[in-house]
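These notes concern the structure reproduced below.
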Amino acid sequence: MNIGASSSILSLIIFLPLLFALVISFWPQRQTLRELALGFSLIQLAVSLLLLRDFDSTTAALQFTEQFTWIERFGISYFVGVDGISLMLVILTTVLMPIMILGSWKSISEQVKGFHVALFVLQSAMLGSFLAMDAILFYVFWELSLIPMYFIVGIWGGARRIYATVKFFIYTMAGSLLMLLAIIFMMRLTPEVTGGAISASLLDFYKLEIPFIAGDFFTPQTLLFFAFAVAFAIKVPLFPLHTWLPDAHVEAPTPGSVVLAGVMLKMGTYGFLRWVIPLFPDASSHYAWLFIALGLVGIIYGALVAMIQPDMKKLVAYSSVSHMGYVILGLFVMNVYGMGGSLYQMLNHGISTGGLFLLIGMIYERTHSREISKYGGLAAAMPIFTIFFIIVTMSSIAVPLTNGFVGEFLILMGAYQYSFTASIFAVTGVILGATYMLWMVKNIFFGPAGEIVKASEHDPEHRLHDMSKREIAVMLPIVILIFWMGLFPNTIMDYSKQSINHLLQNKQNYSLEVK
Amino acid sequence: MDHQILIAVLLLSPLLGFLINGFRFRSQSYVIAGTVATLAVTVSFVCSILLFIELLALPAESRRITAHFFEWINLGDLNINAAFVVDQISSIMLLIITGVGALIHLFSIGYMHHDKGVTKYFSYLNFFVFNMLILVLGDSLVTMFVGWEGVGLCSYLLIGFWFSDSAKAAAGMKAFITNRVGDAAFLLGMFILFMTFGTLNFYELNALAPTTMEASWLGAVTLATLMLFIGATGKSAQIPLYVWLPDAMAGPTPVSALIHAATMVTAGVYMIIRLNPMFVAAPNTMMVIAIVGAATAVMAATIGVVQNDIKKVLAYSTVSQLGYMFLAVGVGAFGAGMMHLMTHAFFKALMFLGSGSVIHAMHEEQDIRKMGGLRKYLPVTHFTFILGWLAIIGFPFFSGFFSKDEILWQSFSSPRGHTLLWVAGALGAVLTAFYMTRLMALTFWGKSRVDKNIHPHESPWTMTVPLIILGILSVISGFIGVPHAIAEFMGHIPNYWQQWLAPVIRPLPIEELQSVTHTLSEEYMLMGISVFLAMCSAIFAYVVYTKKKHIAENTAQSLKPIYNLLDNKYYVDEIYFGAIINPLVKQSRNLWYYIDVNVIDRMTHVASDVATNGGKLVKTLQNGNMQQYAMYVSLGLIIVLSYVLMR
């Protein structure tokens with residue numbers, strides 16, 4: 001049997017969710033809708049694992065490429081391919097999908113059909129962004145991902161959902177427009193390298209040598225660099241462009257928060273790795289200090305501000321700002337430890353922060369409150385839930401043998417190699433991270449029974465049930481991944497090592513071969 | 001048996017115990033939980049003995065058993081393996097951890113039998129042993145760090161074991177976060193070493209350690225070892241990061257014995273001994289370690305003098321004794337430091353368990369002012385406690401005497417020693433004798449002040465047997481490392497301890513050693529002085545706290561400011577909270593309010609308002625009124641025409 005080796009597996013991965021969305025929208029039965037969606041997401045996961053099986057990790061070349069002309073006049077094509085940089089992000093997306101669907105089993109009760117359609121369209125768009133090798137195609141997928149997310153927050157969100165979703169949309173859109181301008185500008189440059197024809201292929205973009213003068217802001221490379229970088233930095237989000245995130249997280253329904261933290265933020269960091277650093281090597285090196293500094297500010301600022309948040313989701317949202325600061329730091333120190341660690345940390349953050357949002361969602365379904373001060377003593381009422389929460393917390397604060405440690409350790413090492421000062425600032429995040437997470441754990445789970453736990457003791461209707469089998473099934477894959485990735489990181493990093501080495505060694509004249 | 005399998009069983013046995021008890025955490029059957037957990041550690045103890053015997057059979061220069069399980073993190077030049085090594089240093093630690101550990105597990109069966117969370121308790125305890133074993137066996141700094149943070153996690157869980165009490169949960173959190181401060185520095189130390197030497201493997205690092213001493217404070221080796229030492233001050237509760245340990249007494253008493261006295265808190269000392277060639281090459285770091293160790297030894301002892309909680313006295317005593325170990329390694333007496341680590345593990349575990357027995361008998365009463373005369377009710381506890389007491393005050397020929405004497409002598413005579421270090425050490429010994437005797441007197445001797453409703457009783461065998469075994473060890477264990485001067489006196493007993501450790505300890509450079517000469521008579525004299533003063537101090541405390549109570553009260557009255565200072569532990573917690581933690585939280589709130597809310601979001605809103613209002617403004621232009629449109633057209637025409645014509 002060799003179904004995976006089919007040369008159109010990437011298209012299958014991108015468009016299968018759209019097909020699923022179509023089927024779901026015409027599905028007559030409401031009762032079986034969730035099961036259907038879950039089944040579809042598992043099929044999608046299986047297909048992506050076939051990709052993993054057949055991926056050749058001994059090369060940095062682009063694999064499973066497909067290219068068809070789309071708009072000939074502008075050299076725009078449907079061009080997709082996968083390499084070590086995008087592979088694991090694709091897998092992350094497909095792994096989180098069934099977890100999210102199962103996690104939203106109870107919390108989404110209105111417009112169930114529409115919700116799942118939005119989720120699958122979103123998945124398709126995100127996968128498309130990771131796999132697109134044509135600038136316009138990438139842009140289309142990038143923008144497409146906004147629409148379902150806009151509805152997920154706007155329809156199934158909390159009280160201030162409209163404010164949050166509009167803020168999210170406009171922030172991202174503003175960045176995207178800059179990026180679109182930059183893409184068009186670069187397409188106009190491509191005739192130099194293609195021998196006359198305009199091209200939107202990323203591989204042709206890589207061949208461009210865009211003029212750069214150090215210190216002069218108004219040179220093409222610097223301007224293009226910032227156009228792309230701002231678009232991606234908003235998505236990451238990098239300080240000071242981060243304020244849309246806490247609002248979006250707080251208002252989004254649980255699966256929305258999971259997909260936002262789990263995958264969408266990585267579209268930004270992926271953008272740096274795939275687009276910014278290889279396309280604008282001089283500007284990237286020249287302005288690396290700026291992004292390292294903003295990453296460091298994000299690490300510390302995010303952690304400090306997380307410490308004083310009264311709302312669980314907001315706390316985790318700010319912790320995301322802090323964690324994504326590490327990822328940016330790792331990318332811009334431009335050494336193997338930093339970049340390898342960053343790529344790993346993207347996955348870790350998706351898993352641990354996704355896990356935290358799922359857990360917070362579970363407790364919210366029971367109590368309809370996310371206010372930390374109303375809790376206390378939950379460990380006695382919900383011991384299994386407590387165990388899961390503490391495990392995910394340990395992953396989030398990078399305790400060894402969990403996934404978080406490997407990523408954070410490598411990034412910090414990379415930061416040290418870049419500069420001792422940078423690493424001193426970066427390690428303060430290690431302390432602050434433990435502080436806000438353990439503070440939250442203490443106030444929710446420990447101490448005497450708080451308002452909510454007390455109320456539940458007296459009122460049989462609001463009794464706090466410990467995790468159900470379904471909820472355990474939601475969290476179990478996350479816990480397994482936490483320990484697997486903490487114990488055997490090589491099984492995952494091996495897929496990306498070639499690509500990272502290739503990028504670091506050929507940064508000045510980066511190119512990707514097609515296998 | 002194959003070494004690999006032996007080490008695997010050694011490590012996995014407590015892990016298995018953790019999982020078995022962890023999955024049935026709701027069970028309240030203390031017999032099953034306790035048996036599983038104690039057996040798990042006993043299996044590890046047997047493995048440790050077998051490994052030790054195998055080591056003995058190897059020639060001294062190549063005493064090393066390694067086990068390589070799998071590759072853990074490989075990226076760039078970094079190759080970290082799940083690999084473990086048993087050698088002269090780690091084998092001793094193994095015996096202490098699993099031996100004392102097994103006894104404490106056994107003790108816990110009796111101590112925790114009434115607790116609802118007994119199964120959870122034993123699962124945590126096993127998990128701690130697993131992590132501690134990783135810490136001592138890891139063949140690189142990173143694998144050590146796995147255990148290093150892992151024991152911190154277990155400590156956090158066990159301190160906050162009775163989590164419904166806010167103060168106990170907070171104590172656990174304090175321990176974790178304080179340790180994290182140290183761990184952050186530890187990480188930096190690792191990075192410096194890796195970027196300088198290209199490896200984090202202990203044997204490779206030690207082989208690469210420079211033989212020329214680094215004079216600069218900013219040299220790589222000095223900086224790296226200083227950072228690692230800061231890590232050690234966290235884990236091993238030294239100035240300035242010791243503040244978590246006294247609070248850690250919130251955990252169950254056997255936990256205090258195992259984690260916060262015998263094993264985990266010695267990890268910092270162990271780490272320095274593990275990397276001793278690197279530390280030897282950094283005399284500045286060594287000086288800092290010696291000073292911090294001596295200062296901690298004295299400071300903690302002074303606080304111990306005024307504590308009234310039996311566990312708090314022992315906690316400050318632990319901080320103080322750990323200070324002695326750092327003093328030892330700081331002057332290059334690695335063997336003496338290791339020796340004190342071991343003897344302290346025995347006598348302090350003994351006394352903590354003894355205090356557990358007392359607390360158990362007193363129905364959770366911990367205030368020694370409400371005890372007294374317990375000798376009658378707790379004969380075994382009393383007797384074994386006496387052995388521990390004699391050991392810690394350095395009564396001649398008890399275990400603590402040998403190890404402490406060697407440390408004091410080395411702190412004076414080593415080329416990296418100093419007379420002041422000796423003075424501090426001797427002062428610490430005098431204070432130790434005082435507060436330990438005070439503890440004995442108030443708890444066991446004199447008249448009973450026990451509440452009438454409490455009927456103290458001796459503990460069951462599961463608790464007394466560990467006490468007896470540890471009592472014996474506290475008496476005899478010193479004889480395996482008899483210091484040179486006493487050995488002369490006692491008929492040339494060889495110092496087995498020094499011989500055993502010699503291959504893995506790098507001596508100070510020969511030029512340094514030759515620069516100082518000391519005579520045997522000096523050694524006898526100093527030993528005499530310190531022992532004499534300590535014994536006087538003990539007798540004084542005995543008299544004061546059994547017969548002439550008013551002296552203590554009057555002194556406390558007349559020295560009120562000093563008493564208050566000590567009673568409030570030099571206000572260090574208050575200073576940390578007032579100067580660091582509270583301002584940080586307050587400023588964070590301001591940060592959020594000013595930057596996020598008032599700058600970034602306000603700018604966003606202003607931008608959106610500009611867009612909205614601009615739109616509204618333009619909207620009024622197109623109101624569908626034909627006359628108005630006609631006017632715009634005519635106006636435009638006039639402007640264009642006038643521009644063209646007037647040019």
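Here's how to read the names in the structure tokens: chain A, B, ... by the order shown, residue numbers from 1 in each chain, ligand numbers from 1 in the order shown.
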
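Near range 372-389 of chain A, within 7 Å and counting only C-alpha atoms, sit A:Pro310, A:Asp311, A:Met312, A:Leu359, A:Val392, A:Thr393, A:Asn443, A:Ile444, A:Phe445, A:Phe446, A:Gly447, A:Pro448, A:Ala449, A:Gly450, A:Glu451, A:Ile452, A:Val453, A:Leu464, A:His465, A:Asp466, A:Met467, B:Ser164, not including residues fewer than 3 positions from it in the same chain.
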
Please produce, as JSON lines, a per-residue contact table for chain B versus chain A (criterion: any atom at most 7 Å away, only C-alpha atoms considered), showing the nearest atom pair and its distance in Å to one decimal, sorted by chain then residue number.
{"residue": "B:Trp72", "atom": "CA", "partner": "A:Phe488", "partner_atom": "CA", "distance": 6.0}
{"residue": "B:Ile73", "atom": "CA", "partner": "A:Asn490", "partner_atom": "CA", "distance": 6.3}
{"residue": "B:Asn74", "atom": "CA", "partner": "A:Asn490", "partner_atom": "CA", "distance": 6.7}
{"residue": "B:Leu75", "atom": "CA", "partner": "A:Tyr337", "partner_atom": "CA", "distance": 6.8}
{"residue": "B:Gly76", "atom": "CA", "partner": "A:Val336", "partner_atom": "CA", "distance": 6.2}
{"residue": "B:Val146", "atom": "CA", "partner": "A:Pro400", "partner_atom": "CA", "distance": 5.1}
{"residue": "B:Glu149", "atom": "CA", "partner": "A:Val399", "partner_atom": "CA", "distance": 6.6}
{"residue": "B:Phe163", "atom": "CA", "partner": "A:Phe446", "partner_atom": "CA", "distance": 5.1}
{"residue": "B:Ser164", "atom": "CA", "partner": "A:Gly447", "partner_atom": "CA", "distance": 4.2}
{"residue": "B:Asp165", "atom": "CA", "partner": "A:Gly447", "partner_atom": "CA", "distance": 5.0}
{"residue": "B:Ser166", "atom": "CA", "partner": "A:Gly447", "partner_atom": "CA", "distance": 4.1}
{"residue": "B:Ala169", "atom": "CA", "partner": "A:Phe446", "partner_atom": "CA", "distance": 6.3}
{"residue": "B:Met173", "atom": "CA", "partner": "A:Leu438", "partner_atom": "CA", "distance": 6.5}
{"residue": "B:Ile177", "atom": "CA", "partner": "A:Thr435", "partner_atom": "CA", "distance": 6.3}
{"residue": "B:Arg180", "atom": "CA", "partner": "A:Ile431", "partner_atom": "CA", "distance": 5.4}
{"residue": "B:Val181", "atom": "CA", "partner": "A:Ile431", "partner_atom": "CA", "distance": 5.8}
{"residue": "B:Ala184", "atom": "CA", "partner": "A:Val427", "partner_atom": "CA", "distance": 5.6}
{"residue": "B:Phe191", "atom": "CA", "partner": "A:Met413", "partner_atom": "CA", "distance": 5.9}
{"residue": "B:Val585", "atom": "CA", "partner": "A:Ile308", "partner_atom": "CA", "distance": 6.9}
{"residue": "B:Ser588", "atom": "CA", "partner": "A:Leu304", "partner_atom": "CA", "distance": 5.4}
{"residue": "B:Arg589", "atom": "CA", "partner": "A:Ile308", "partner_atom": "CA", "distance": 6.1}
{"residue": "B:Trp592", "atom": "CA", "partner": "A:Val305", "partner_atom": "CA", "distance": 5.7}
{"residue": "B:Asp596", "atom": "CA", "partner": "A:Thr243", "partner_atom": "CA", "distance": 6.6}
{"residue": "B:Asp601", "atom": "CA", "partner": "A:Thr243", "partner_atom": "CA", "distance": 6.8}

Which neighbours of Met93 in chain B fall inside 12 Å, counting only C-alpha atoms, when residues of the same chain fewer than 3 positions from it are skipped, and could you give them as a PyMOL selection string? chain B and resi 45+48-49+52+85-90+96-101+129+132-137+262-264+266-267+269-271+273-274+338-339+341-343+345

Could you pull out the residues in range 15-208 of chain B that DSSP calls alpha helix (DSSP H) from the backbone, as an MDAnalysis selection string? chainID B and resid 15:23 30:57 88:111 118:137 141:159 166:197 202:208
